[in-house]
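Undergrad: So that you have it, the file is entry_6.txt, and it contains compact mmCIF, C-alpha atoms:
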# COMPACT_ATOMS: atom_id res chain seq x y z
CA MET C 916 18.23 185.65 3.02
CA ASN C 917 19.46 186.20 6.52
CA PRO C 918 20.44 189.87 7.13
CA ASP C 919 23.71 188.62 8.63
CA ASP C 920 24.50 186.94 5.31
CA GLU C 921 23.77 190.19 3.43
CA SER C 922 26.19 192.10 5.64
CA GLY C 923 28.92 189.69 4.55
CA ILE C 924 28.65 190.86 0.93
CA LEU C 925 30.66 193.99 1.66
CA PRO C 926 34.01 194.01 3.46
CA HIS C 927 34.01 195.44 6.96
CA ILE C 928 35.30 199.01 7.10
CA PRO C 929 37.07 199.32 10.47
CA ILE C 930 36.17 202.98 11.14
CA GLY C 931 35.92 202.26 14.86
CA ASP C 932 39.42 200.74 14.92
CA TRP C 933 40.79 203.76 13.04
CA ALA C 934 39.13 206.10 15.52
CA ASP C 935 40.58 204.07 18.42
CA GLU C 936 44.07 204.19 16.93
CA GLY C 937 43.79 207.93 16.25
CA LEU C 938 42.57 208.75 19.74
CA SER C 939 45.24 206.50 21.32
CA TRP C 940 47.91 208.28 19.26
CA LEU C 941 46.61 211.67 20.39
CA LYS C 942 46.56 210.51 24.02
CA SER C 943 50.12 209.15 23.95
CA THR C 944 51.57 212.03 21.91
CA PHE C 945 49.96 214.88 23.86
CA ALA C 946 49.74 213.22 27.28
CA GLU C 947 51.19 216.23 29.12
CA PHE C 948 48.74 218.59 27.40
CA PHE C 949 45.74 216.46 28.37
CA ASP C 950 46.97 216.19 31.97
CA ALA C 951 47.25 219.98 32.15
CA ALA C 952 43.87 220.42 30.45
CA LYS C 953 42.28 218.02 32.93
CA ALA C 954 43.54 220.05 35.87
CA GLY C 955 42.51 223.30 34.18
CA MET C 956 38.98 222.12 33.47
CA ALA C 957 38.34 220.54 36.86
CA LEU C 958 39.70 223.49 38.87
CA PRO C 959 36.95 226.10 38.18
CA ILE C 960 34.16 223.57 38.77
CA GLU C 961 35.67 222.38 42.05
CA HIS C 962 36.28 225.92 43.32
CA PHE C 963 32.85 227.18 42.24
CA ALA C 964 31.14 224.18 43.84
CA GLU C 965 33.13 224.67 47.07
CA TRP C 966 32.20 228.35 47.09
CA LEU C 967 28.49 227.58 46.64
CA ILE C 968 28.56 224.88 49.31
CA ALA C 969 30.33 227.22 51.75
CA VAL C 970 27.35 229.58 51.70
CA PRO C 971 24.77 228.63 54.37
CA ALA C 972 21.93 226.80 52.64
CA LEU C 973 19.13 229.04 53.91
CA LEU C 974 21.05 232.17 52.88
CA ALA C 975 21.69 230.68 49.42
CA ILE C 976 17.98 229.90 49.03
CA VAL C 977 17.12 233.52 49.88
CA VAL C 978 19.65 234.74 47.31
CA PHE C 979 18.23 232.43 44.62
CA ALA C 980 14.71 233.64 45.48
CA VAL C 981 15.78 237.28 45.20
CA LEU C 982 17.32 236.57 41.79
CA ALA C 983 14.06 234.89 40.74
CA TYR C 984 12.08 237.97 41.81
CA VAL C 985 14.51 240.37 40.11
CA VAL C 986 14.26 238.74 36.66
CA ARG C 987 10.84 237.01 36.68
CA SER C 988 8.20 237.43 39.42
CA TRP C 989 7.49 237.14 43.13
CA GLN C 990 5.44 234.01 42.36
CA PHE C 991 8.49 232.31 40.89
CA ALA C 992 10.54 233.48 43.87
CA LEU C 993 8.06 231.67 46.11
CA VAL C 994 8.28 228.52 43.96
CA THR C 995 12.08 228.75 44.17
CA ILE C 996 12.00 228.84 47.96
CA VAL C 997 9.64 225.87 48.19
CA GLY C 998 11.58 223.84 45.62
CA PHE C 999 15.02 224.41 47.12
CA LEU C 1000 13.75 223.81 50.66
CA LEU C 1001 12.47 220.45 49.38
CA VAL C 1002 15.92 219.68 47.92
CA LEU C 1003 17.47 220.60 51.28
CA SER C 1004 15.07 218.31 53.14
CA LEU C 1005 15.92 215.47 50.73
CA GLU C 1006 19.62 215.92 51.70
CA GLN C 1007 20.51 216.52 48.05
CA TRP C 1008 21.52 220.17 48.50
CA GLU C 1009 25.29 219.69 48.21
CA ALA C 1010 24.93 217.35 45.21
CA MET C 1011 22.59 219.86 43.53
CA LEU C 1012 25.12 222.69 43.98
CA GLN C 1013 27.86 220.48 42.51
CA LEU C 1014 25.65 219.79 39.50
CA MET C 1015 24.76 223.49 39.24
CA SER C 1016 28.46 224.43 39.17
CA GLN C 1017 29.09 221.91 36.37
CA VAL C 1018 26.16 223.25 34.35
CA ILE C 1019 27.11 226.92 34.80
CA ILE C 1020 30.80 226.39 33.92
CA ALA C 1021 29.93 224.18 30.92
CA THR C 1022 27.36 226.72 29.72
CA LEU C 1023 29.86 229.58 30.00
CA VAL C 1024 32.44 227.65 27.97
CA ALA C 1025 29.86 226.61 25.36
CA VAL C 1026 28.48 230.15 25.01
CA ILE C 1027 31.98 231.66 24.69
CA ILE C 1028 32.58 229.30 21.75
CA ALA C 1029 29.06 229.28 20.27
CA ILE C 1030 28.29 233.00 19.98
CA PRO C 1031 31.39 234.02 17.93
CA VAL C 1032 30.97 230.95 15.68
CA GLY C 1033 27.26 231.72 15.28
CA ILE C 1034 28.00 235.35 14.40
CA LEU C 1035 30.51 234.24 11.76
CA ALA C 1036 28.02 231.70 10.37
CA GLY C 1037 25.27 234.32 10.31
CA SER C 1038 27.46 236.81 8.49
CA ASN C 1039 29.17 234.47 6.03
CA LYS C 1040 27.45 231.76 3.94
CA VAL C 1041 30.70 229.82 3.43
CA VAL C 1042 31.27 229.55 7.17
CA SER C 1043 27.63 228.53 7.60
CA ALA C 1044 28.00 225.79 4.97
CA ILE C 1045 31.07 224.43 6.78
CA VAL C 1046 29.62 224.66 10.29
CA ARG C 1047 26.18 223.14 9.67
CA PRO C 1048 27.26 219.54 8.87
CA VAL C 1049 29.60 219.62 11.86
CA LEU C 1050 26.71 220.68 14.10
CA ASP C 1051 24.47 218.00 12.55
CA PHE C 1052 27.12 215.39 13.40
CA MET C 1053 27.48 216.70 16.95
CA GLN C 1054 23.71 216.68 17.55
CA THR C 1055 22.96 213.26 16.05
CA MET C 1056 25.82 211.41 17.76
CA PRO C 1057 24.47 209.56 20.85
CA ALA C 1058 25.37 211.43 24.01
CA PHE C 1059 27.04 208.45 25.66
CA VAL C 1060 29.58 208.20 22.81
CA TYR C 1061 31.11 211.52 23.89
CA LEU C 1062 32.08 209.97 27.20
CA ILE C 1063 34.42 207.44 25.51
CA PRO C 1064 37.04 209.90 24.20
CA ALA C 1065 36.45 212.08 27.27
CA VAL C 1066 37.48 209.24 29.60
CA LEU C 1067 40.36 208.27 27.30
CA PHE C 1068 41.80 211.79 27.38
CA PHE C 1069 40.94 212.91 30.90
CA SER C 1070 40.34 209.73 32.95
CA LEU C 1071 37.56 210.15 35.56
CA GLY C 1072 36.16 213.18 37.38
CA TYR C 1073 34.86 216.62 36.45
CA ALA C 1074 37.12 217.10 33.39
CA PRO C 1075 35.64 214.37 31.14
CA GLY C 1076 32.16 215.47 32.20
CA LEU C 1077 32.89 219.08 31.21
CA PHE C 1078 34.47 217.99 27.90
CA ALA C 1079 31.49 215.83 26.91
CA THR C 1080 28.95 218.37 28.16
CA VAL C 1081 30.39 221.27 26.16
CA ILE C 1082 30.47 219.24 22.92
CA PHE C 1083 26.93 217.98 23.48
CA ALA C 1084 25.45 221.38 24.39
CA LEU C 1085 27.30 223.58 21.88
CA PRO C 1086 25.21 223.16 18.64
CA PRO C 1087 21.97 224.96 19.65
CA GLY C 1088 23.98 227.97 20.84
CA VAL C 1089 25.63 228.28 17.41
CA ARG C 1090 22.40 227.65 15.48
CA MET C 1091 20.30 230.16 17.43
CA THR C 1092 22.99 232.85 17.27
CA GLU C 1093 23.22 232.39 13.49
CA LEU C 1094 19.43 232.51 13.24
CA GLY C 1095 19.26 235.66 15.36
CA ILE C 1096 21.82 237.47 13.19
CA ARG C 1097 20.06 236.42 9.96
CA GLN C 1098 16.65 237.53 11.28
CA VAL C 1099 17.75 241.15 11.68
CA ASP C 1100 15.92 243.32 9.13
CA PRO C 1101 18.33 243.98 6.21
CA GLU C 1102 16.90 247.50 5.80
CA THR C 1103 17.96 248.32 9.35
CA VAL C 1104 21.48 247.12 8.58
CA GLU C 1105 21.51 249.13 5.33
CA ALA C 1106 20.41 252.22 7.24
CA GLY C 1107 23.40 251.79 9.53
CA GLU C 1108 25.72 251.38 6.55
CA SER C 1109 24.28 254.52 4.92
CA PHE C 1110 25.30 256.50 8.03
CA GLY C 1111 28.86 255.24 7.61
CA ALA C 1112 28.86 252.69 10.45
CA THR C 1113 31.63 250.09 10.33
CA PRO C 1114 30.78 246.34 10.32
CA TRP C 1115 31.81 246.14 14.00
CA GLN C 1116 29.55 249.10 14.90
CA ILE C 1117 26.63 247.52 12.99
CA LEU C 1118 27.19 244.21 14.74
CA ARG C 1119 27.48 245.75 18.22
CA GLY C 1120 24.84 248.47 17.83
CA ILE C 1121 22.20 246.88 15.57
CA GLN C 1122 22.50 243.13 14.97
CA LEU C 1123 23.41 241.86 18.45
CA PRO C 1124 20.80 243.95 20.36
CA LEU C 1125 18.05 242.83 17.96
CA ALA C 1126 19.23 239.21 18.09
CA VAL C 1127 19.39 239.02 21.91
CA PRO C 1128 16.01 237.23 22.42
CA THR C 1129 16.95 234.53 19.89
CA ILE C 1130 20.48 234.21 21.28
CA MET C 1131 19.09 233.87 24.82
CA ALA C 1132 16.72 231.14 23.58
CA GLY C 1133 19.84 229.35 22.35
CA VAL C 1134 21.55 229.87 25.71
CA ASN C 1135 18.47 228.38 27.36
CA GLN C 1136 18.80 225.27 25.20
CA VAL C 1137 22.53 225.09 25.98
CA ILE C 1138 21.73 225.10 29.70
CA MET C 1139 19.11 222.38 29.37
CA LEU C 1140 21.41 220.15 27.30
CA SER C 1141 24.28 220.83 29.72
CA LEU C 1142 22.06 219.76 32.58
CA SER C 1143 21.07 216.49 30.90
CA MET C 1144 24.66 215.69 29.91
CA ALA C 1145 26.05 216.66 33.32
CA VAL C 1146 23.70 214.10 34.87
CA ILE C 1147 25.01 211.46 32.45
CA ALA C 1148 28.55 212.55 33.34
CA GLY C 1149 27.96 211.06 36.77
CA MET C 1150 28.88 207.78 35.08
CA VAL C 1151 32.47 208.98 34.67
CA GLY C 1152 32.93 210.12 38.24
CA ALA C 1153 31.70 213.73 38.13
CA GLU C 1154 30.35 214.64 41.58
CA GLY C 1155 26.78 215.83 41.99
CA LEU C 1156 23.26 214.63 41.32
CA GLY C 1157 24.46 212.68 38.28
CA LYS C 1158 26.58 210.50 40.51
CA GLU C 1159 23.64 210.10 42.91
CA VAL C 1160 21.45 208.91 40.02
CA THR C 1161 24.16 206.57 38.71
CA ASP C 1162 24.73 205.07 42.17
CA ALA C 1163 20.97 204.60 42.58
CA VAL C 1164 20.74 202.75 39.26
CA SER C 1165 23.77 200.52 39.96
CA THR C 1166 22.49 199.59 43.43
CA GLN C 1167 18.79 199.55 42.46
CA ASN C 1168 18.15 202.07 45.24
CA LEU C 1169 14.74 203.45 44.24
CA PRO C 1170 14.37 206.06 47.05
CA GLN C 1171 17.79 207.54 46.28
CA GLY C 1172 16.98 207.60 42.56
CA VAL C 1173 13.61 209.30 43.08
CA GLU C 1174 15.04 211.95 45.41
CA ALA C 1175 18.01 212.70 43.16
CA GLY C 1176 15.78 212.77 40.07
CA LEU C 1177 13.32 215.13 41.75
CA SER C 1178 16.20 217.43 42.71
CA VAL C 1179 17.38 217.46 39.08
CA VAL C 1180 13.87 218.49 37.98
CA ILE C 1181 13.75 221.36 40.51
CA LEU C 1182 17.15 222.63 39.40
CA ALA C 1183 16.15 222.32 35.73
CA VAL C 1184 12.95 224.33 36.27
CA PHE C 1185 14.86 227.07 38.12
CA LEU C 1186 17.56 227.40 35.43
CA ASP C 1187 15.08 227.16 32.55
CA ARG C 1188 12.69 229.82 33.87
CA MET C 1189 15.52 232.16 34.84
CA THR C 1190 17.22 232.10 31.44
CA ALA C 1191 13.87 232.38 29.63
CA ALA C 1192 13.11 235.53 31.63
CA LEU C 1193 16.54 237.01 30.87
CA GLY C 1194 15.84 236.67 27.13
CA ASN C 1195 12.47 238.46 27.25
CA PRO C 1196 12.38 240.80 30.28
CA LYS C 1197 9.40 242.80 28.88
CA GLU C 1198 7.18 239.72 29.22
CA TYR C 1199 7.59 239.75 33.00
CA PRO C 1200 6.18 243.08 34.29
CA SER C 1201 5.80 241.67 37.82
CA SER C 1202 9.56 241.18 38.18
CA LEU C 1203 11.52 243.69 40.25
CA VAL C 1204 13.13 244.99 37.05
CA GLY C 1205 9.69 245.35 35.44
CA VAL C 1206 8.21 247.13 38.47
CA ILE C 1207 11.10 249.63 38.57
CA SER C 1208 10.87 250.24 34.81
CA ALA C 1209 7.11 250.86 35.03
CA ALA C 1210 7.62 253.30 37.91
CA ARG C 1211 10.21 255.20 35.89
CA ARG C 1212 7.87 255.40 32.88
CA ARG C 1213 5.02 256.74 35.06
CA ARG C 1214 7.37 259.30 36.59
CA ALA C 1215 8.58 260.37 33.13
CA THR C 1216 5.02 260.83 31.80
CA ALA C 1217 3.73 262.60 34.94
Rewrite the structure of this file - the entire thing - as structure tokens.
TA:
Amino acid sequence: MNPDDESGILPHIPIGDWADEGLSWLKSTFAEFFDAAKAGMALPIEHFAEWLIAVPALLAIVVFAVLAYVVRSWQFALVTIVGFLLVLSLEQWEAMLQLMSQVIIATLVAVIIAIPVGILAGSNKVVSAIVRPVLDFMQTMPAFVYLIPAVLFFSLGYAPGLFATVIFALPPGVRMTELGIRQVDPETVEAGESFGATPWQILRGIQLPLAVPTIMAGVNQVIMLSLSMAVIAGMVGAEGLGKEVTDAVSTQNLPQGVEAGLSVVILAVFLDRMTAALGNPKEYPSSLVGVISAARRRRATA
């Protein structure tokens, strides 16, 4: 039997039409809210990107290299200089900074939402049971689908890109925060309770400090997903390397696509290595922070 014939056995359930009608109702009913939200979301990205672009490129590269040395190593600082000089020579510097501003703003928004939700899920099984299927849905939905309601609500530009990026990148931040809270040794928590600490004091003084490496691993994943989605957001008019890649695909411009893609890779390596080092600073003794800490320990034991 033809599969098409089998599909005719059951009546078509118009879930897509219902979703379209629901989203159209939301758009028409709360049009003023979405217009205000669009302006509010685009503003910080535009200003941050303008601020980054206003800094002379060579000075910005030195600053990025210093940051790389502070949190990781002088070797990574050297790689940072070489990589960003290559981006500058490819004339993708401004587009890379626009993409970087999108990723940083989207990551901040996602982390502000993800960490409190993850803490609640890690502390309460009912909240965890409610949140998990929602996160499963968010992670299994194809990334491009998020752009449809984003464009419907916010038209084109940075705002739909930020909206879709935050939704796409949010789940790992919640999951890793919940995991970090649950991994804290229960005996350590009980010891805090035996000394009369309040739940807030236990969370702030015991659970969060011990969960930091796991939470930072989640932040790292949020950044990587934000980067991939921000590139896709170039399809809806968000400025940056995503738009460069989209233009290259639509015009079949291979050199532009290769140069923009290579710039995305360099930015991804920089952000990935930096956030990984922030989560586990003890693993990088050759960083400036590690060198200063070792000097202080030697001075204390002398």
Undergrad: Between C:Leu1203, C:Val1099, C:Ala964, C:Met1053, which has the minimum distance to Pro1086 (chain C) (counting only C-alpha atoms)?
TA: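 The shortest atom-to-atom distance to Pro1086 (chain C) comes from C:Met1053.
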Undergrad: Using all atoms listed in the file, which residues sit within 10 Å of Val981 (chain C) once same-chain residues fewer than 5 positions away are excluded, as a VMD selection string?
TA: chain C and resid 975 to 976 986 to 989 991 to 993 995 to 996 1203
Undergrad: Could you tell me which of C:Leu1077, C:Met1091, C:Val1184, C:Leu941 comes closest to Leu1023 (chain C) if we count all atoms listed in the file?
TA: C:Leu1077
Undergrad: Ranking C:Gly1176, C:Val1041, C:Phe1069, C:Leu1182 by minimum distance to Glu947 (chain C) and counting all atoms listed in the file, which one comes first?
TA: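 For Glu947 (chain C), the nearest of the candidates is C:Phe1069.
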Undergrad: Could you give me, as CSV, a per-residue list for region 1014-1075 of chain C showing, wherever an atom lies at most 7 Å from an atom of region 1142-1150 of chain C, the closest pair of atoms and their distance in Å to one decimal, using all atoms listed in the file and sorting by chain then residue number from low to high?
TA:
residue,atom,partner,partner_atom,distance
C:Leu1014,CA,C:Ala1145,CA,6.9
C:Gln1017,CA,C:Ala1145,CA,6.8
C:Val1018,CA,C:Leu1142,CA,5.7
Undergrad: Counting only C-alpha atoms, which of C:Leu1193, C:Met1011, C:Met1139, C:Ala946 gets nearest to Gly1155 (chain C)?
TA: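 Looking at the shortest contact to Gly1155 (chain C), the residue is C:Met1011.
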Undergrad: Select, from C:Leu967, C:Ile930, C:Ala1025, C:Ala980, the residue with the minimum atom-to-atom distance to Ala1084 (chain C), counting all atoms listed in the file.
TA: C:Ala1025
Undergrad: Can you tell me which residues surround Glu1105 (chain C) at a distance of at most 12 Å, considering all atoms listed in the file, apart from same-chain residues fewer than 5 positions away, and format the answer as a PyMOL selection string?
TA: chain C and resi 1099-1100+1110-1114+1117+1121-1122
Undergrad: Which is closer to Gly1133 (chain C) than all the others in C:Val1089, C:Ala983, C:Ala1079, C:Met1056, using all atoms listed in the file?
TA: C:Val1089
Undergrad: List the spatial neighbours of Leu1067 (chain C) as a list in words - criterion: any atom at most 12 Å away, only C-alpha atoms, same-chain residues fewer than 4 positions off excluded.
TA: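 Neighbouring residues, sequence-local ones excluded: Asp935, Glu936, Gly937, Leu938, Ser939, Trp940, Leu941, Lys942, Ser943, Ala946, Phe949, Asp950, Lys953, Val1060, Tyr1061, Leu1062, Ile1063, Leu1071, Gly1072, Ala1074, Pro1075, Gly1076, Phe1078, Ala1079 and Val1151 of chain C.
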Undergrad: So that I can check the surroundings of Leu1123 (chain C), please list as JSON, numbers by chain every protein, DNA and RNA residue that reaches within 12 Å of it, counting all atoms listed in the file and ignoring chain neighbours fewer than 5 positions away.
TA: {"C": [1030, 1031, 1033, 1034, 1037, 1038, 1092, 1093, 1094, 1095, 1096, 1097, 1098, 1099, 1104, 1114, 1115, 1116, 1117, 1118, 1128, 1129, 1130, 1131]}
Undergrad: When you draw a straight line from CA of Ala952 (chain C) to CA of Ile1082 (chain C), how long is it in Å?
TA: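 Going from CA of Ala952 (chain C) over to CA of Ile1082 (chain C), I get 15.4 Å.
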Undergrad: Using all atoms listed in the file, determine which residues lie at most 8 Å from Val1134 (chain C), disregarding the query and same-chain residues fewer than 4 positions distant; provide the list as JSON, numbers by chain.
TA: {"C": [1022, 1026, 1087, 1088, 1130, 1138, 1190]}
Undergrad: Using CA of Asn1195 (chain C) and CA of Leu982 (chain C) as the two end points, give the distance in Å to one decimal.
TA: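 Going from CA of Asn1195 (chain C) over to CA of Leu982 (chain C), I get 15.4 Å.
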Undergrad: Report the distance between CA of Pro929 (chain C) and CA of Ser1070 (chain C) in Å, rounded to one decimal place.
TA: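 Rounded to one decimal, the two atoms are 25.0 Å apart.
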